[in-house]
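Heads up, the thing below is written out as structure tokens.
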Amino acid sequence: MTSRPSTLRRGKSAGFTLVELLIGASIFSLVTIGVITFTFFSSRMVARNLATNRTHEVIRISDLQFLRYLHESGSAFRLLNFNGTTYPDATPTATSDVDATSGRTVSTRANGVRFRRLGGGPYRLAANTTAGSRNLQFNFSVNGQVPYVPQVGYKRVLPLIAREYDISAVPVVPTAGLPTGTVTIADAAGIGFTLDATTAGNVTTGYFYQSVAFTVWNGQLRFHPDFSGARRAQWTLVRSDITSPLPFALLFPAGGGTTPDGLNLRVSLEAYDGAYTARQFTNGTTTLHTVIPTRTSPTPVSSTNY
């Protein structure tokens with residue numbers, strides 16, 4: 001039996017050439033760069049959309065609060081200029097600007113507006129009066145509580161006799177335990193009417209209106225919930241990052257009248273959200289351009305002293 005030596009076959013070793021490795025690495029690098037770029041820009045777009053949506057929501061809420069207070073006005077609008085310390089009334093004069101919506105001439109602008117807003121009521125008159133009565137008693141109780149306390153400088157309106165009076169003093173302040181309070185009107189001649197408030201079936205009510213204001217200062221839209229005396233310096237922030245320093249104006253009659261009626265307030269308010277600018281996200285900016293009429297049904301505070 002003859003044996004033959006085995007023959008070993010040596011093939012080529014498997015692998016990639018240098019050129020193939022370079023091409024593969026280049027493709028992998030391009031794909032990686034593409035994925036990273038897509039992820040970066042997608043994340044940035046999502047963050048920017050979230051920032052814009054949040055900005056619009058914040059602005060929408062603040063605008064709704066702002067517009068609601070203006071719509072609740074119980075008197076004509078008065079412009080004022082706030083210089084950081086004082087609040088002088090502004091005298092509006094006609095300009096060449098015409099409001100596109102109403103066709104009326106726009107006055108000079110101001111950075112503040114004040115008006116009367118319903119503070120409390122209706123509250124029941126608790127004692128009879130004579131024509132010369134200056135001290136009037138009201139029951140301020142609402143479900144066992146006293147949610148409103150009148151202040152000096154407020155107005156008291158009696159719809160029954162269609163009269164309004166300034167409050168010069170509050171001799172008896174109502175409390176939850178003693179809800180009947182007394183206010184003194186400024187008219188030296190008295191209320192001018194005899195009212196029977198104690199006979200069964202007789203009900204006479206009164207409303208109380210307080211002066212409020214909006215001002216724009218240092219890029220802030222501020223609300224002054226009690227614009228009477230020293231209390232006018234107290235305010236709450238409605239909106240920051242305001243870019244329009246003089247947003248308020250009144251309208252003159254289209255026929256060229258020289259006196260505005262004060263019953264239509266023109267608002268041009270622009271705001272943005274600076275919190276997201278610091279993060280280099282493109283944020284939302286909104287411009288509110290509108291004409292706000294006073295509440296005309298009814299408008300109880302109608303004297304020049306508003």
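Here, A, B, ... name the chains of the structure tokens in the order displayed, residue numbers run from 1 inside each chain, and ligands are numbered from 1 in the same displayed order.
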Write out as a Markdown table the residues of region 80-196 of chain A that have any atom within 10 Å of an atom of region 231-245 of chain A, one row each with the nearest atom pair and its distance in Å to one decimal, counting only C-alpha atoms, sorted by chain and then rising number.
| residue | atom | partner | partner_atom | distance |
| --- | --- | --- | --- | --- |
| A:Gly84 | CA | A:Ala233 | CA | 9.8 |
| A:Thr85 | CA | A:Ala233 | CA | 8.2 |
| A:Thr86 | CA | A:Ala233 | CA | 8.6 |
| A:Tyr87 | CA | A:Arg232 | CA | 8.7 |
| A:Arg109 | CA | A:Pro245 | CA | 9.2 |
| A:Ala110 | CA | A:Pro245 | CA | 8.2 |
| A:Asn111 | CA | A:Pro245 | CA | 6.1 |
| A:Gly112 | CA | A:Pro245 | CA | 9.5 |
For the residues in the current selection, export N, CA and C atoms as a PDB file, in the first residue's frame.
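The result, stored in selection-v3.pdb:
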ATOM      1  N   GLY A  84     -41.912 108.164  36.657  1.00  0.00           N
ATOM      2  CA  GLY A  84     -41.143 107.420  37.638  1.00  0.00           C
ATOM      3  C   GLY A  84     -41.509 107.755  39.067  1.00  0.00           C
ATOM      4  N   THR A  85     -42.081 108.956  39.276  1.00  0.00           N
ATOM      5  CA  THR A  85     -42.451 109.369  40.635  1.00  0.00           C
ATOM      6  C   THR A  85     -43.859 109.950  40.710  1.00  0.00           C
ATOM      7  N   THR A  86     -44.287 110.683  39.689  1.00  0.00           N
ATOM      8  CA  THR A  86     -45.599 111.323  39.717  1.00  0.00           C
ATOM      9  C   THR A  86     -46.423 110.880  38.520  1.00  0.00           C
ATOM     10  N   TYR A  87     -47.746 111.137  38.634  1.00  0.00           N
ATOM     11  CA  TYR A  87     -48.694 110.693  37.611  1.00  0.00           C
ATOM     12  C   TYR A  87     -49.569 111.867  37.149  1.00  0.00           C
ATOM     13  N   ARG A 109     -49.829 110.222  22.178  1.00  0.00           N
ATOM     14  CA  ARG A 109     -49.753 109.019  22.998  1.00  0.00           C
ATOM     15  C   ARG A 109     -49.324 109.358  24.424  1.00  0.00           C
ATOM     16  N   ALA A 110     -49.640 108.412  25.324  1.00  0.00           N
ATOM     17  CA  ALA A 110     -49.240 108.534  26.724  1.00  0.00           C
ATOM     18  C   ALA A 110     -48.845 107.156  27.232  1.00  0.00           C
ATOM     19  N   ASN A 111     -48.120 107.120  28.328  1.00  0.00           N
ATOM     20  CA  ASN A 111     -47.694 105.830  28.867  1.00  0.00           C
ATOM     21  C   ASN A 111     -48.564 105.371  30.029  1.00  0.00           C
ATOM     22  N   GLY A 112     -49.739 106.011  30.195  1.00  0.00           N
ATOM     23  CA  GLY A 112     -50.643 105.589  31.255  1.00  0.00           C
ATOM     24  C   GLY A 112     -52.080 105.953  30.941  1.00  0.00           C
TER      25      GLY A 112
END
Near region 170-187 of chain A, counting only C-alpha atoms, which residues have an atom at most 6 Å away, once you skip same-chain residues fewer than 2 positions from it, shown as a PyMOL selection string?
chain A and resi 134-141+145-146+165-168+189-190
With N, CA and C atoms retained, could you export that selection as a compact mmCIF listing (two decimals), in the first residue's frame?
# COMPACT_ATOMS: atom_id res chain seq x y z
N ARG A 134 -75.59 113.21 54.80
CA ARG A 134 -74.28 112.99 54.20
C ARG A 134 -73.68 111.65 54.60
N ASN A 135 -74.09 111.14 55.76
CA ASN A 135 -73.62 109.83 56.21
C ASN A 135 -74.64 108.77 55.80
N LEU A 136 -74.21 107.81 55.01
CA LEU A 136 -75.08 106.77 54.48
C LEU A 136 -74.59 105.42 54.97
N GLN A 137 -75.53 104.60 55.43
CA GLN A 137 -75.20 103.28 55.94
C GLN A 137 -75.56 102.20 54.92
N PHE A 138 -74.63 101.26 54.74
CA PHE A 138 -74.84 100.15 53.82
C PHE A 138 -74.47 98.84 54.52
N ASN A 139 -75.16 97.79 54.14
CA ASN A 139 -74.83 96.45 54.62
C ASN A 139 -73.89 95.80 53.61
N PHE A 140 -72.63 95.59 54.00
CA PHE A 140 -71.61 95.07 53.09
C PHE A 140 -71.44 93.56 53.21
N SER A 141 -72.37 92.89 53.86
CA SER A 141 -72.23 91.45 54.08
C SER A 141 -72.54 90.67 52.80
N GLN A 145 -69.44 87.30 54.93
CA GLN A 145 -68.13 87.92 54.82
C GLN A 145 -68.27 89.35 54.30
N VAL A 146 -67.18 90.11 54.42
CA VAL A 146 -67.14 91.48 53.90
C VAL A 146 -66.01 91.53 52.87
N TYR A 165 -71.65 110.08 44.02
CA TYR A 165 -71.08 110.93 45.05
C TYR A 165 -69.66 110.48 45.37
N ASP A 166 -68.78 111.45 45.59
CA ASP A 166 -67.44 111.13 46.07
C ASP A 166 -67.50 110.79 47.56
N ILE A 167 -66.69 109.85 47.98
CA ILE A 167 -66.61 109.48 49.40
C ILE A 167 -65.47 110.26 50.03
N SER A 168 -65.81 111.07 51.03
CA SER A 168 -64.82 111.91 51.70
C SER A 168 -64.35 111.31 53.02
N ALA A 189 -74.28 119.75 50.54
CA ALA A 189 -75.74 119.88 50.62
C ALA A 189 -76.42 118.56 50.96
N GLY A 190 -75.67 117.46 50.96
CA GLY A 190 -76.27 116.18 51.28
C GLY A 190 -76.67 115.40 50.05
Could you give me, as JSON lines, every region 12-106 of chain A residue with an atom at most 12 Å from region 204-222 of chain A, plus its closest atom pair and distance in Å to one decimal, counting only C-alpha atoms, rows ordered by chain then number?
{"residue": "A:Ile59", "atom": "CA", "partner": "A:Leu221", "partner_atom": "CA", "distance": 11.5}
{"residue": "A:Ser62", "atom": "CA", "partner": "A:Leu221", "partner_atom": "CA", "distance": 9.5}
{"residue": "A:Asp63", "atom": "CA", "partner": "A:Leu221", "partner_atom": "CA", "distance": 10.3}
{"residue": "A:Gln65", "atom": "CA", "partner": "A:Leu221", "partner_atom": "CA", "distance": 11.5}
{"residue": "A:Phe66", "atom": "CA", "partner": "A:Phe214", "partner_atom": "CA", "distance": 8.6}
{"residue": "A:Leu67", "atom": "CA", "partner": "A:Phe214", "partner_atom": "CA", "distance": 11.0}
{"residue": "A:Tyr69", "atom": "CA", "partner": "A:Val212", "partner_atom": "CA", "distance": 9.2}
{"residue": "A:Leu70", "atom": "CA", "partner": "A:Phe214", "partner_atom": "CA", "distance": 9.2}
{"residue": "A:Glu72", "atom": "CA", "partner": "A:Val212", "partner_atom": "CA", "distance": 10.9}
{"residue": "A:Ser73", "atom": "CA", "partner": "A:Val212", "partner_atom": "CA", "distance": 9.1}
{"residue": "A:Gly74", "atom": "CA", "partner": "A:Tyr209", "partner_atom": "CA", "distance": 7.6}
{"residue": "A:Ser75", "atom": "CA", "partner": "A:Tyr209", "partner_atom": "CA", "distance": 9.3}
{"residue": "A:Ala76", "atom": "CA", "partner": "A:Ser211", "partner_atom": "CA", "distance": 11.3}
{"residue": "A:Phe77", "atom": "CA", "partner": "A:Ala213", "partner_atom": "CA", "distance": 9.6}
{"residue": "A:Arg78", "atom": "CA", "partner": "A:Ala213", "partner_atom": "CA", "distance": 9.2}
{"residue": "A:Leu79", "atom": "CA", "partner": "A:Ala213", "partner_atom": "CA", "distance": 9.4}
{"residue": "A:Leu80", "atom": "CA", "partner": "A:Thr215", "partner_atom": "CA", "distance": 8.3}
{"residue": "A:Asn81", "atom": "CA", "partner": "A:Thr215", "partner_atom": "CA", "distance": 8.2}
{"residue": "A:Phe82", "atom": "CA", "partner": "A:Thr215", "partner_atom": "CA", "distance": 7.0}
{"residue": "A:Asn83", "atom": "CA", "partner": "A:Trp217", "partner_atom": "CA", "distance": 8.1}
{"residue": "A:Gly84", "atom": "CA", "partner": "A:Trp217", "partner_atom": "CA", "distance": 7.3}
{"residue": "A:Thr85", "atom": "CA", "partner": "A:Trp217", "partner_atom": "CA", "distance": 10.7}
{"residue": "A:Thr86", "atom": "CA", "partner": "A:Thr215", "partner_atom": "CA", "distance": 11.5}
{"residue": "A:Tyr87", "atom": "CA", "partner": "A:Thr215", "partner_atom": "CA", "distance": 9.3}
{"residue": "A:Pro88", "atom": "CA", "partner": "A:Thr215", "partner_atom": "CA", "distance": 11.9}
{"residue": "A:Asp89", "atom": "CA", "partner": "A:Ala213", "partner_atom": "CA", "distance": 11.6}
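Among the candidates A:Ala127, A:Ile191, A:Ala169, A:Leu30, the residue lying nearest to Tyr154 (chain A) is A:Ala169 (atoms considered: only C-alpha atoms).
Compared by their closest atoms to Arg114 (chain A), and using only C-alpha atoms, the residues A:Ala94, A:Leu265, A:Val149, A:Ala126 rank with A:Leu265 nearest.
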